[in-house]
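Shown next, in structure tokens, is the structure this report addresses.
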Amino acid sequence: MGVRARDRRRVKVVRGGPVLIEGPVEIVLEDGSTVTSDRFVVALCACHRSRRPPFCDTSHRRRAPRPT
């Protein structure tokens with residue numbers, strides 16, 4: 001049995017940013033627990049800087065201070 005197009009989820013990897021997934025989704029975490037989101041697009045943190053893991057909170061936009 002093939003996968004129907006409407007059953008597929010699109011995943012977009014953004015360089016230096018989050019992984020965008022068309023929702024709704026259920027995310028299984030390392031410890032086996034699950035997190036769900038009914039949003040149209042879900043942004044998952046790929047830089048490990050988010051204060052709301054597994055979701056992106058745009059922490060990847062912060063830059064390190066420039067050396068003086």
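Here, A, B, ... name the chains of the structure tokens in the order displayed, residue numbers run from 1 inside each chain, and ligands are numbered from 1 in the same displayed order.
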Practice problem: Please identify all polymer residues within 7 Å of segment 22-37 of chain A, counting only C-alpha atoms, omitting same-chain residues fewer than 5 positions from it, and present them as a PyMOL selection string. | Solution: chain A and resi 9-11+42
Exercise. Just give me the gap between atom CA of Asp57 of chain A and atom CA of Leu44 of chain A in Å, one decimal is fine.
Key: 8.8 Å
Quiz item: Within 9 Å of Gly16 of chain A, counting only C-alpha atoms, which residues qualify if same-chain residues fewer than 4 places away don't, as number ranges by chain?
Solution: A: 46-47, 60-61
Quiz item: For the atom pair atom CA of Gly17 of chain A and atom CA of Pro53 of chain A, what is the interatomic distance in Å to one decimal place?
Solution: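 For atom CA of Gly17 of chain A relative to atom CA of Pro53 of chain A, the distance reads 13.7 Å.
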Quiz item: When DSSP works through the backbone of this structure, what residues of chain A end up as strand (DSSP E or B), shown as a ChimeraX atom specification?
Solution: /A:11-13,19-22,25-28,34-37,41-44,55
Self-check item: Atomic separation - atom CA of Phe40 of chain A relative to atom CA of Ile21 of chain A, Å
Solution: 8.5 Å
Exercise. Select from segment 3-65 of chain A everything DSSP, run on the backbone, classes as helix (DSSP H, G or I), then give the selection as a PyMOL selection string.
Key: chain A and resi 5-7+59-61
Could you turn the residues from that selection into a file that holds N, CA, C and O atoms, as a CSV table (one decimal), in the first residue's frame?
chain,number,residue,atom,x,y,z
A,5,ALA,N,-0.5,11.3,-0.9
A,5,ALA,CA,0.1,12.6,-0.8
A,5,ALA,C,-0.4,13.4,0.4
A,5,ALA,O,0.3,14.1,1.1
A,6,ARG,N,-1.7,13.3,0.7
A,6,ARG,CA,-2.3,14.0,1.8
A,6,ARG,C,-1.8,13.4,3.2
A,6,ARG,O,-1.9,14.1,4.2
A,7,ASP,N,-1.2,12.2,3.2
A,7,ASP,CA,-0.7,11.6,4.4
A,7,ASP,C,0.7,12.0,4.7
A,7,ASP,O,1.3,11.7,5.7
A,59,SER,N,16.2,31.5,19.4
A,59,SER,CA,17.5,31.7,20.0
A,59,SER,C,18.7,31.6,19.1
A,59,SER,O,19.7,32.2,19.3
A,60,HIS,N,18.5,30.9,17.9
A,60,HIS,CA,19.6,30.8,16.9
A,60,HIS,C,19.9,32.1,16.3
A,60,HIS,O,21.0,32.3,15.7
A,61,ARG,N,19.0,33.1,16.5
A,61,ARG,CA,19.3,34.4,15.9
A,61,ARG,C,20.3,35.3,16.7
A,61,ARG,O,20.8,36.2,16.2
Quiz item: In terms of the shortest atom-to-atom distance over only C-alpha atoms, which of A:Arg8, A:Val14, A:Val41, A:Val19 is closest to Pro54 of chain A?
Solution: A:Val19
